[in-house]
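Just start-v3.cif here, mmCIF, C-alpha atoms:
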```cif
data_coords
#
loop_
_atom_site.label_atom_id
_atom_site.label_comp_id
_atom_site.auth_asym_id
_atom_site.auth_seq_id
_atom_site.Cartn_x
_atom_site.Cartn_y
_atom_site.Cartn_z
CA MET A 1 10.59 13.41 17.65
CA ILE A 2 12.59 11.78 20.45
CA ASN A 3 15.87 12.97 18.95
CA TYR A 4 14.71 16.60 19.25
CA PHE A 5 14.15 16.26 23.00
CA ILE A 6 17.04 13.95 23.96
CA ARG A 7 20.08 15.38 22.21
CA ASP A 8 22.64 12.95 23.59
CA ILE A 9 20.98 9.73 22.39
CA ASN A 10 22.28 8.05 19.24
CA TYR A 11 19.70 8.30 16.46
CA ASP A 12 20.46 4.78 15.22
CA THR A 13 19.41 3.52 18.65
CA VAL A 14 16.21 5.56 18.45
CA ALA A 15 15.50 4.17 14.97
CA PHE A 16 16.03 0.59 16.16
CA LEU A 17 13.70 1.11 19.11
CA GLY A 18 11.13 2.65 16.82
CA ILE A 19 11.07 -0.36 14.50
CA MET A 20 10.78 -2.85 17.35
CA THR A 21 8.16 -0.77 19.17
CA ALA A 22 5.99 -0.40 16.06
CA PHE A 23 6.06 -4.15 15.41
CA VAL A 24 5.31 -5.25 18.98
CA LEU A 25 2.68 -2.56 19.55
CA THR A 26 0.85 -3.53 16.35
CA ILE A 27 0.70 -7.18 17.42
CA VAL A 28 -0.49 -6.35 20.93
CA LEU A 29 -3.03 -3.72 19.88
CA LEU A 30 -4.60 -5.99 17.28
CA TRP A 31 -4.68 -8.83 19.83
CA LYS A 32 -6.35 -6.74 22.54
CA CYS A 33 -8.66 -4.51 20.51
CA THR A 34 -10.19 -6.79 17.88
CA GLY A 35 -13.49 -6.72 19.79
CA LEU A 36 -13.84 -3.03 18.99
CA LEU A 37 -13.75 -3.59 15.23
CA PRO A 38 -16.81 -4.11 13.00
CA LYS A 39 -17.55 -7.64 11.79
CA ASP A 40 -17.19 -8.70 8.17
CA MET A 41 -20.42 -9.62 6.38
CA GLY A 42 -18.74 -11.89 3.83
CA ARG A 43 -18.39 -11.21 0.12
CA ALA A 44 -21.13 -12.70 -1.99
CA TYR A 45 -19.24 -12.68 -5.29
CA ALA A 46 -15.76 -13.57 -4.08
CA HIS A 47 -14.44 -17.11 -4.07
CA ASP A 48 -14.92 -18.47 -0.53
CA GLY A 49 -16.06 -14.98 0.47
CA THR A 50 -18.47 -16.35 3.06
CA LEU A 51 -15.53 -17.74 5.07
CA SER A 52 -14.64 -14.22 6.17
CA ALA A 53 -18.10 -13.55 7.58
CA GLY A 54 -18.01 -12.72 11.30
CA LYS A 55 -14.29 -11.93 11.45
CA PRO A 56 -13.22 -8.52 12.82
CA ARG A 57 -12.75 -6.13 9.90
CA GLY A 58 -11.06 -2.75 9.69
CA ALA A 59 -7.81 -3.76 11.42
CA GLY A 60 -6.12 -1.21 9.19
CA PHE A 61 -7.53 1.45 11.50
CA LEU A 62 -5.34 0.14 14.31
CA PHE A 63 -2.09 -0.64 12.52
CA ILE A 64 -2.19 2.67 10.61
CA LEU A 65 -2.58 4.54 13.91
CA VAL A 66 0.44 2.66 15.28
CA PHE A 67 2.40 3.53 12.14
CA VAL A 68 1.60 7.23 12.39
CA ALA A 69 2.34 7.36 16.11
CA ALA A 70 5.66 5.51 15.70
CA ALA A 71 6.66 7.78 12.82
CA ILE A 72 5.92 10.92 14.84
CA ILE A 73 7.76 9.65 17.93
CA PHE A 74 10.82 7.97 16.41
CA ALA A 75 11.40 9.48 12.94
CA LYS A 76 12.98 12.77 11.95
CA MET A 77 9.86 14.64 10.95
CA ASN A 78 9.41 17.54 8.56
CA VAL A 79 6.41 19.36 7.09
CA GLU A 80 6.26 17.20 3.97
CA ILE A 81 6.28 13.92 5.86
CA SER A 82 3.70 15.30 8.30
CA ILE A 83 1.31 16.04 5.43
CA TYR A 84 1.82 12.55 4.00
CA LEU A 85 0.94 11.06 7.38
CA ILE A 86 -2.24 13.14 7.51
CA LEU A 87 -3.18 11.90 4.03
CA VAL A 88 -2.50 8.29 5.05
CA ILE A 89 -4.89 8.79 7.97
CA ALA A 90 -7.43 10.34 5.60
CA ALA A 91 -7.24 7.34 3.26
CA MET A 92 -7.52 5.02 6.24
CA MET A 93 -10.57 6.85 7.62
CA THR A 94 -12.45 6.79 4.31
CA GLY A 95 -11.89 3.05 4.23
CA PHE A 96 -12.75 2.54 7.91
CA LEU A 97 -16.02 4.46 7.65
CA ASP A 98 -16.92 2.25 4.71
CA ASP A 99 -15.96 -0.84 6.76
CA CYS A 100 -18.27 0.33 9.55
CA ALA A 101 -21.17 1.30 7.31
CA LYS A 102 -24.23 -0.97 7.28
CA ALA A 103 -24.47 -0.52 3.52
CA PRO A 104 -21.18 -0.32 1.54
CA TRP A 105 -20.37 3.07 0.08
CA GLY A 106 -20.91 3.48 -3.64
CA GLU A 107 -18.01 3.23 -6.07
CA TYR A 108 -18.40 6.84 -7.19
CA LYS A 109 -18.33 8.18 -3.64
CA LYS A 110 -15.16 6.25 -2.80
CA GLY A 111 -13.60 7.16 -6.14
CA LEU A 112 -14.26 10.87 -5.55
CA LEU A 113 -12.72 10.74 -2.07
CA ASP A 114 -9.68 8.93 -3.49
CA LEU A 115 -9.40 11.64 -6.14
CA ILE A 116 -9.46 14.44 -3.55
CA ILE A 117 -6.73 12.73 -1.52
CA ALA A 118 -4.68 12.11 -4.68
CA VAL A 119 -4.87 15.79 -5.65
CA MET A 120 -3.73 16.82 -2.16
CA LEU A 121 -0.78 14.45 -2.33
CA ALA A 122 0.17 15.73 -5.79
CA VAL A 123 0.12 19.35 -4.63
CA THR A 124 2.20 18.46 -1.56
CA PHE A 125 4.78 16.51 -3.52
CA LEU A 126 5.25 19.21 -6.16
CA ASN A 127 5.56 21.86 -3.45
CA PHE A 128 8.51 20.08 -1.83
CA ASN A 129 10.14 18.24 -4.75
CA PRO A 130 11.35 19.06 -8.27
CA ASN A 131 9.27 18.07 -11.28
CA GLU A 132 11.91 15.61 -12.45
CA ILE A 133 12.01 11.83 -12.64
CA TYR A 134 14.89 9.42 -13.08
CA ILE A 135 14.53 6.73 -15.75
CA ALA A 136 16.83 3.85 -14.85
CA VAL A 137 16.77 2.18 -18.27
CA LEU A 138 18.09 5.35 -19.90
CA ASP A 139 20.13 6.46 -16.88
CA LYS A 140 18.63 9.87 -17.49
CA GLN A 141 16.89 12.61 -15.52
CA VAL A 142 13.77 13.91 -17.27
CA THR A 143 11.96 17.15 -16.48
CA ILE A 144 8.16 17.05 -16.82
CA PRO A 145 5.94 20.16 -16.94
CA ARG A 146 4.50 20.68 -13.46
CA VAL A 147 0.87 20.54 -14.53
CA VAL A 148 1.43 17.34 -16.51
CA PHE A 149 3.43 15.84 -13.65
CA GLY A 150 0.66 16.77 -11.22
CA ILE A 151 -1.95 14.99 -13.33
CA LEU A 152 0.27 11.91 -13.60
CA ILE A 153 0.76 11.89 -9.82
CA VAL A 154 -3.02 12.02 -9.28
CA VAL A 155 -3.45 9.06 -11.65
CA LEU A 156 -0.66 7.13 -9.91
CA VAL A 157 -2.10 7.69 -6.43
CA TRP A 158 -5.68 6.88 -7.47
CA VAL A 159 -4.60 3.70 -9.25
CA SER A 160 -2.37 2.60 -6.37
CA ILE A 161 -5.15 3.05 -3.81
CA ASN A 162 -7.65 1.08 -5.85
CA VAL A 163 -5.51 -1.80 -7.13
CA THR A 164 -4.20 -2.38 -3.61
CA ASN A 165 -7.75 -2.34 -2.30
CA CYS A 166 -8.91 -4.83 -4.97
CA SER A 167 -6.04 -7.19 -4.11
CA ASP A 168 -7.23 -7.54 -0.52
CA GLY A 169 -9.19 -10.77 -0.82
CA VAL A 170 -6.93 -13.60 0.38
CA ASP A 171 -5.50 -13.91 3.88
CA GLY A 172 -2.09 -12.24 3.86
CA LEU A 173 -1.95 -11.45 0.13
CA SER A 174 -2.16 -7.67 -0.15
CA GLY A 175 -0.04 -7.17 2.97
CA THR A 176 2.67 -9.52 1.72
CA LEU A 177 2.76 -7.90 -1.71
CA ALA A 178 2.84 -4.42 -0.14
CA ILE A 179 5.82 -5.44 2.01
CA ILE A 180 7.73 -6.70 -1.04
CA THR A 181 6.92 -3.54 -2.99
CA LEU A 182 7.92 -1.21 -0.15
CA SER A 183 11.07 -3.21 0.60
CA THR A 184 12.09 -2.90 -3.04
CA ILE A 185 11.54 0.85 -2.95
CA TYR A 186 13.59 1.07 0.27
CA VAL A 187 16.51 -0.78 -1.35
CA ILE A 188 16.31 1.46 -4.43
CA ASN A 189 16.35 4.53 -2.18
CA TRP A 190 19.42 3.16 -0.39
CA ILE A 191 21.21 2.45 -3.68
CA ARG A 192 20.49 5.92 -5.04
CA GLY A 193 21.07 7.77 -1.77
CA MET A 194 17.57 9.22 -1.59
CA ASP A 195 15.84 10.90 1.37
CA ALA A 196 16.86 8.92 4.46
CA LYS A 197 14.07 10.45 6.57
CA PHE A 198 11.36 9.08 4.32
CA SER A 199 13.17 5.77 3.86
CA TYR A 200 12.98 5.20 7.60
CA ILE A 201 9.24 5.89 7.47
CA ILE A 202 9.01 3.08 4.90
CA LEU A 203 10.59 0.66 7.38
CA ILE A 204 8.11 1.68 10.08
CA PHE A 205 5.22 1.02 7.69
CA ILE A 206 6.65 -2.39 6.72
CA VAL A 207 6.93 -3.61 10.32
CA CYS A 208 3.39 -2.44 11.09
CA ILE A 209 2.12 -4.54 8.18
CA LEU A 210 4.18 -7.46 9.51
CA GLY A 211 2.53 -7.00 12.91
CA TYR A 212 -0.85 -7.19 11.17
CA LEU A 213 0.19 -10.30 9.23
CA TRP A 214 0.99 -11.97 12.55
CA HIS A 215 -2.80 -12.24 12.96
CA ASN A 216 -3.79 -12.37 9.29
CA ALA A 217 -1.78 -15.37 8.04
CA THR A 218 -4.01 -18.23 6.89
CA PRO A 219 -6.33 -18.90 8.64
CA SER A 220 -6.76 -15.26 9.60
CA ARG A 221 -8.18 -13.95 12.85
CA LEU A 222 -9.01 -10.53 11.44
CA LEU A 223 -9.09 -8.52 8.21
CA MET A 224 -7.52 -5.16 7.37
CA GLY A 225 -10.56 -3.97 5.42
CA ASP A 226 -10.57 -0.87 3.24
CA ALA A 227 -9.04 1.00 6.17
CA GLY A 228 -5.77 -0.83 5.66
CA SER A 229 -5.71 -1.48 1.92
CA ARG A 230 -6.49 2.10 0.88
CA ALA A 231 -3.89 3.52 3.25
CA MET A 232 -1.32 1.00 1.97
CA GLY A 233 -2.03 1.97 -1.62
CA LEU A 234 -1.62 5.66 -0.84
CA PHE A 235 1.64 5.11 1.02
CA ILE A 236 3.08 2.93 -1.77
CA ALA A 237 2.38 5.76 -4.23
CA ALA A 238 4.04 8.32 -1.95
CA ALA A 239 7.04 6.03 -1.43
CA VAL A 240 7.65 5.44 -5.13
CA LEU A 241 7.34 9.17 -5.80
CA LYS A 242 9.93 9.92 -3.12
CA SER A 243 12.27 7.40 -4.76
CA GLY A 244 12.60 9.86 -7.63
CA SER A 245 11.63 7.11 -10.10
CA PRO A 246 7.82 6.89 -10.12
CA VAL A 247 7.88 4.88 -13.36
CA LEU A 248 9.28 2.02 -11.25
CA TYR A 249 5.80 1.66 -9.75
CA LEU A 250 4.90 -0.49 -12.75
CA PRO A 251 7.43 -3.27 -12.03
CA VAL A 252 7.79 -2.98 -8.23
CA ALA A 253 3.99 -3.24 -7.81
CA ALA A 254 3.41 -5.41 -10.89
CA VAL A 255 1.48 -8.19 -9.14
CA LEU A 256 -0.71 -5.73 -7.24
CA ILE A 257 -1.45 -3.95 -10.52
CA LEU A 258 -2.30 -7.15 -12.38
CA ASP A 259 -4.29 -8.70 -9.54
CA GLY A 260 -6.40 -5.66 -8.75
CA GLY A 261 -6.09 -3.62 -11.93
CA ILE A 262 -7.47 -6.04 -14.51
CA GLY A 263 -10.83 -6.06 -12.80
CA LEU A 264 -10.92 -2.24 -12.73
CA VAL A 265 -10.15 -2.13 -16.47
CA LYS A 266 -12.84 -4.72 -17.23
CA VAL A 267 -15.49 -2.82 -15.28
CA PHE A 268 -14.46 0.54 -16.78
CA LEU A 269 -14.57 -0.69 -20.38
CA LEU A 270 -17.87 -2.49 -19.87
CA ARG A 271 -19.62 0.31 -17.98
CA PHE A 272 -18.56 3.26 -20.13
CA PHE A 273 -17.84 1.74 -23.55
CA LYS A 274 -19.82 -1.53 -23.48
CA ILE A 275 -16.61 -3.39 -24.35
CA HIS A 276 -16.29 -6.95 -23.00
CA ILE A 277 -12.76 -8.27 -22.47
CA LEU A 278 -11.35 -11.34 -20.71
CA LYS A 279 -14.80 -12.87 -20.27
CA GLU A 280 -13.34 -16.16 -19.06
CA VAL A 281 -11.07 -14.54 -16.46
CA ARG A 282 -12.42 -13.99 -12.96
CA THR A 283 -11.26 -10.85 -11.26
CA PRO A 284 -9.44 -10.08 -9.08
CA LEU A 285 -6.94 -12.64 -10.38
CA HIS A 286 -6.60 -14.18 -6.92
CA ASP A 287 -10.19 -15.38 -7.34
CA HIS A 288 -9.41 -16.83 -10.78
CA VAL A 289 -6.42 -18.90 -9.64
CA ARG A 290 -8.35 -20.27 -6.65
CA LYS A 291 -11.62 -20.99 -8.44
CA VAL A 292 -10.41 -22.01 -11.90
CA TRP A 293 -6.88 -23.28 -11.26
CA ASP A 294 -7.74 -24.71 -7.82
CA TRP A 295 -4.91 -23.00 -5.96
CA SER A 296 -5.20 -22.90 -2.19
CA ASN A 297 -4.93 -19.61 -0.30
CA THR A 298 -1.38 -20.51 0.70
CA HIS A 299 -0.44 -21.34 -2.90
CA THR A 300 -1.89 -18.03 -4.05
CA VAL A 301 -0.01 -15.91 -1.50
CA PHE A 302 3.31 -17.72 -1.96
CA ARG A 303 3.22 -17.83 -5.76
CA PHE A 304 2.08 -14.24 -6.19
CA ALA A 305 4.80 -13.19 -3.72
CA ILE A 306 7.45 -15.24 -5.53
CA ILE A 307 6.56 -13.61 -8.86
CA GLN A 308 6.84 -10.14 -7.34
CA ILE A 309 10.14 -10.97 -5.61
CA VAL A 310 11.66 -12.14 -8.91
CA ILE A 311 10.51 -8.95 -10.65
CA SER A 312 11.84 -6.85 -7.77
CA ILE A 313 15.24 -8.54 -7.90
CA ALA A 314 15.43 -7.79 -11.60
CA VAL A 315 14.50 -4.14 -10.96
CA ILE A 316 17.18 -3.78 -8.26
CA TYR A 317 19.76 -5.24 -10.65
CA LEU A 318 18.66 -2.73 -13.29
CA VAL A 319 19.05 0.19 -10.88
CA LEU A 320 22.48 -1.05 -9.77
CA HIS A 321 23.74 -1.31 -13.34
#
```

Can you dump the structure from the file as structure tokens?
Amino acid sequence: MINYFIRDINYDTVAFLGIMTAFVLTIVLLWKCTGLLPKDMGRAYAHDGTLSAGKPRGAGFLFILVFVAAAIIFAKMNVEISIYLILVIAAMMTGFLDDCAKAPWGEYKKGLLDLIIAVMLAVTFLNFNPNEIYIAVLDKQVTIPRVVFGILIVVLVWVSINVTNCSDGVDGLSGTLAIITLSTIYVINWIRGMDAKFSYIILIFIVCILGYLWHNATPSRLLMGDAGSRAMGLFIAAAVLKSGSPVLYLPVAAVLILDGGIGLVKVFLLRFFKIHILKEVRTPLHDHVRKVWDWSNTHTVFRFAIIQIVISIAVIYLVLH
């Protein structure tokens, strides 16, 4: 927005100031306003879940507000990006209201709200973008019928919201994985010359997560809650769609998918088809490696991050060649 009011200023300077402002403001706001956040009640079924009891929860409410404000002030906005920001706020608010509730919202209620948001994002994306995707392995552009593409987008967004949410159980884990995923998408966008306006928004989101991690690294002072994890999942889905290669979501978010997704699949198969799978595997996987394999929180974050970085490097190589 600044560039529309101050014509003589160099936009690169504005962009630099925006990144630094978003990072510093996130750190300061989370430092000063943690007393306003609800307190975590602990998670009865999570490994070491009681250790989080009493910590401020719902920090995502604050760093998402900083992200949206920084994007509006420093980025080159358009209608499409504006709608995405509104949907990010919507995802954040559904999570924050759940964080504040005395009794957690039911799975079906949250799932329905996620579905509504996913449909709105699909409609928005198809209104502003072609129904084509680029498949790097084949070096080929593929056109998908709009209705089919819309359904696939809804599935992508819903899955991304929920696997990211399920991965939020170890100090710094989901935020670190989200940063790696978004950084990979940013690099792919740069390689392929995709929408620079949205790519800058990705950088703003990354530094806001980094500002949150300043307080969330083990041992954490606060927790992002559903307010942060659901908004992150939505934004990751939007970012990979804007890359023009949504299929890349599978490798660039592979660890998030495996960590949070296996538990969703287990519950789905058991609840609706009475099928038991992976009985000896605790889910999310971050609970399994800590409880069964005796990894520390630090081991879990570093090793999961290392795995995703290796996969991301391979994906970038694939896109380059």

(message) (-19.2, -3.2, 7.4) in this file's frame - what residues fall within 9 Å of it? Use only C-alpha atoms and give the answer as a PyMOL selection string.
(response) chain A and resi 38-41+57-58+96-104+225

Can I get the residues of segment 142-225 of chain A within 12 Å of segment 295-307 of chain A, each with the closest pair of atoms and their distance in Å to one decimal, using all atoms listed in the file, sorted chain first then ascending number, as CSV?
```
residue,atom,partner,partner_atom,distance
A:Ser167,CA,A:Val301,CA,10.9
A:Asp168,CA,A:Val301,CA,11.1
A:Gly169,CA,A:Asn297,CA,9.8
A:Val170,CA,A:Asn297,CA,6.4
A:Asp171,CA,A:Asn297,CA,7.1
A:Gly172,CA,A:Val301,CA,6.8
A:Leu173,CA,A:Val301,CA,5.1
A:Ser174,CA,A:Val301,CA,8.6
A:Gly175,CA,A:Val301,CA,9.8
A:Thr176,CA,A:Ala305,CA,6.9
A:Leu177,CA,A:Ala305,CA,6.0
A:Ala178,CA,A:Ala305,CA,9.7
A:Ile179,CA,A:Ala305,CA,9.7
A:Ile180,CA,A:Ala305,CA,7.6
A:Thr181,CA,A:Ala305,CA,9.9
A:Asn216,CA,A:Val301,CA,12.0
A:Ala217,CA,A:Thr298,CA,9.0
A:Thr218,CA,A:Thr298,CA,7.1
A:Pro219,CA,A:Asn297,CA,9.1
A:Ser220,CA,A:Asn297,CA,11.0
```

(request) To verify the selection step, state as a list in words which residues the PyMOL selection byres ((chain A and resi 151-156) around 9) yields on this input. (result)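 This file gives the following for the PyMOL selection byres ((chain A and resi 151-156) around 9): Leu115, Ile116, Ile117, Ala118, Val119, Met120, Leu121, Ala122, Phe125, Arg146, Val147, Val148, Phe149, Gly150, Val157, Trp158, Val159, Ser160, Ile161, Ala237, Leu241, Pro246 and Tyr249 of chain A.
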
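If you measure from each of A:Leu285, A:Ile262, A:Val247, A:Ala59 to Tyr212 of chain A using all atoms listed in the file, the closest one turns out to be A:Ala59.
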
(request) To verify the selection step, state as a ChimeraX atom specification which residues the PyMOL selection byres ((chain A and resi 60) around 9) yields on this input. (result) /A:57-59,61-65,92,95-96,209,212,223-232

Can I get the selected residues back with C-alpha atoms, as a compact mmCIF listing (two decimals), keeping the file's coordinate frame?
```
# COMPACT_ATOMS: atom_id res chain seq x y z
CA ARG A 57 -12.75 -6.13 9.90
CA GLY A 58 -11.06 -2.75 9.69
CA ALA A 59 -7.81 -3.76 11.42
CA PHE A 61 -7.53 1.45 11.50
CA LEU A 62 -5.34 0.14 14.31
CA PHE A 63 -2.09 -0.64 12.52
CA ILE A 64 -2.19 2.67 10.61
CA LEU A 65 -2.58 4.54 13.91
CA MET A 92 -7.52 5.02 6.24
CA GLY A 95 -11.89 3.05 4.23
CA PHE A 96 -12.75 2.54 7.91
CA ILE A 209 2.12 -4.54 8.18
CA TYR A 212 -0.85 -7.19 11.17
CA LEU A 223 -9.09 -8.52 8.21
CA MET A 224 -7.52 -5.16 7.37
CA GLY A 225 -10.56 -3.97 5.42
CA ASP A 226 -10.57 -0.87 3.24
CA ALA A 227 -9.04 1.00 6.17
CA GLY A 228 -5.77 -0.83 5.66
CA SER A 229 -5.71 -1.48 1.92
CA ARG A 230 -6.49 2.10 0.88
CA ALA A 231 -3.89 3.52 3.25
CA MET A 232 -1.32 1.00 1.97
```

(message) Would you compute the distance between atom CA of Ala254 of chain A and atom CA of Ile188 of chain A? Give it in Å to one decimal.
(response) 16.0 Å

(request) Might you pull out every residue within 9 Å of His215 of chain A, with all atoms listed in the file counted and same-chain residues fewer than 5 positions away left off, and present them as number ranges by chain? (result) A: 27, 30-31, 220-223

(request) Report the residues retrieved by the PyMOL selection byres ((chain A and resi 239) around 10) from the displayed file, expressed as a VMD selection string. (result) chain A and resid 84 181 to 182 185 to 186 189 198 to 199 201 to 202 233 to 238 240 to 246 249

(request) Considering only C-alpha atoms, state which residue in the set A:Ala15, A:Val142, A:Ile277, A:Ile191 is at the smallest distance from Leu318 of chain A. (result)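 Of all the options, A:Ile191 lies closest to Leu318 of chain A.
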
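Going from atom CA of Asn165 of chain A over to atom CA of Leu213 of chain A, you cover 16.1 Å.
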
(message) Could you tell me how far atom CA of Leu210 of chain A sits from atom CA of Ala90 of chain A, in Å to one decimal place?
(response)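 Rounded to one decimal, the two atoms are 21.6 Å apart.
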
(request) List the neighbours of Ala136 of chain A out to 10 Å using all atoms listed in the file; skip same-chain residues closer than 4 positions along the sequence, and give me the result as JSON, numbers by chain. (result) {"A": [140, 141, 245, 247, 248, 315, 318, 319, 320, 321]}

(request) Return the single residue from A:Met77, A:Val66, A:Pro145, A:Val267 that is closest to Ala196 of chain A, with distances computed using all atoms listed in the file. (result) A:Met77
